[in-house]
Amino acid sequence: MWLVFAILSAVFAALTSILAKVGISDVNSTLATAIRTVVVLAMSWGMVFLTKAQSGLAEISRRSWTFLILSGLATGASWLFYYRALQLGEVSKVAPIDKMSIVITLVLAFVFLHEQFTMKSLIGAILLTAGTLVMVL
């Protein structure tokens with residue numbers, strides 16, 4: 001089931017780039033990011049209440065709160081930089097560079113989470129990097 005969700009994530013991420021590029025044509029990128037964030041916030045909390053997950057709030061540990069907040073700050077920074085890059089550049093060049101986060105994630109997962117970094121991971125990371133360079137240069 002995770003694969004279905006991952007594929008849907010990729011499809012909606014692609015739509016996000018195209019819709020954002022059209023939407024920010026005459027809007028300050030920071031303002032556009034804030035508008036997007038409000039929509040995401042409303043949608044997220046809507047899903048929390050729809051699935052009745054709000055009861056889990058009291059059970060979240062201090063450590064989890066800390067890392068969720070840090071993750072939110074990283075997401076916010078990523079969105080701000082992404083929207084600014086989209087406003088200044090071509091989506092066909094910005095999106096592949098943004099997806100280099102996959103390679104960075106593999107390295108960070110290896111270093112900090114001690115996840116396995118196999119030959120397959122290494123080859124994939126090299127191919128992703130090479131593909132990004134071909135698309136951007």
# chains A, B, ... in the order shown; residues from 1 in each chain; ligands from 1
>>> residues_around(residues="A:Ile104", least_positions_apart="6", cutoff="12 Å", atoms="only C-alpha atoms", output="list in words")
Ile97, Asp98, Phe110, Val111, Phe112, Ser121, Leu122, Ala125, Ile126, Leu128 and Thr129 of chain A
>>> select_by_dssp(residues="chain A", states="helix (DSSP H, G or I)", output="PyMOL selection string")
chain A and resi 2-23+29-50+53-59+62-88+91-98+101-112+119-136
>>> closest_residue(among="A:Ala14, A:Leu8, A:Val48, A:Val39", to="A:Ala95", atoms="only C-alpha atoms")
A:Ala14
>>> residues_around(residues="stretch 75-88 of chain A", least_positions_apart="6", cutoff="7 Å", atoms="only C-alpha atoms", output="PyMOL selection string")
chain A and resi 21+24-25+29-30+33+94
>>> write_last_selection(atoms="N, CA, C and O atoms", output="short mmCIF file (atom, residue, chain, number, x, y, z; two decimals), in the first residue's frame")
data_model
loop_
_atom_site.label_atom_id
_atom_site.label_comp_id
_atom_site.auth_asym_id
_atom_site.auth_seq_id
_atom_site.Cartn_x
_atom_site.Cartn_y
_atom_site.Cartn_z
N LYS A 21 3.65 27.32 -10.51
CA LYS A 21 4.29 28.17 -11.52
C LYS A 21 3.27 29.11 -12.15
O LYS A 21 3.54 30.30 -12.32
N ILE A 24 1.93 31.78 -9.32
CA ILE A 24 2.81 32.83 -8.78
C ILE A 24 3.25 33.84 -9.82
O ILE A 24 4.07 34.71 -9.53
N SER A 25 2.69 33.77 -11.01
CA SER A 25 3.17 34.64 -12.09
C SER A 25 3.10 36.12 -11.73
O SER A 25 3.98 36.88 -12.10
N SER A 29 6.46 35.66 -4.15
CA SER A 29 6.63 34.23 -3.85
C SER A 29 6.42 33.92 -2.36
O SER A 29 5.89 32.86 -2.02
N THR A 30 6.78 34.84 -1.48
CA THR A 30 6.57 34.62 -0.05
C THR A 30 5.08 34.64 0.28
O THR A 30 4.59 33.81 1.05
N THR A 33 3.57 31.43 -0.94
CA THR A 33 3.87 30.33 -0.03
C THR A 33 2.95 30.37 1.18
O THR A 33 2.45 29.33 1.63
N VAL A 94 13.85 23.82 -12.24
CA VAL A 94 13.74 23.92 -10.78
C VAL A 94 13.33 22.57 -10.17
O VAL A 94 13.92 22.12 -9.18
#
>>> atom_distance(atom1="atom CA of A:Met135", atom2="atom CA of A:Lys93")
6.8 Å
>>> atom_distance(atom1="atom CA of A:Ala53", atom2="atom CA of A:Leu68")
16.2 Å
>>> closest_residue(among="A:Glu115, A:Pro96, A:Ser101, A:Arg63", to="A:Thr132", atoms="only C-alpha atoms")
A:Pro96
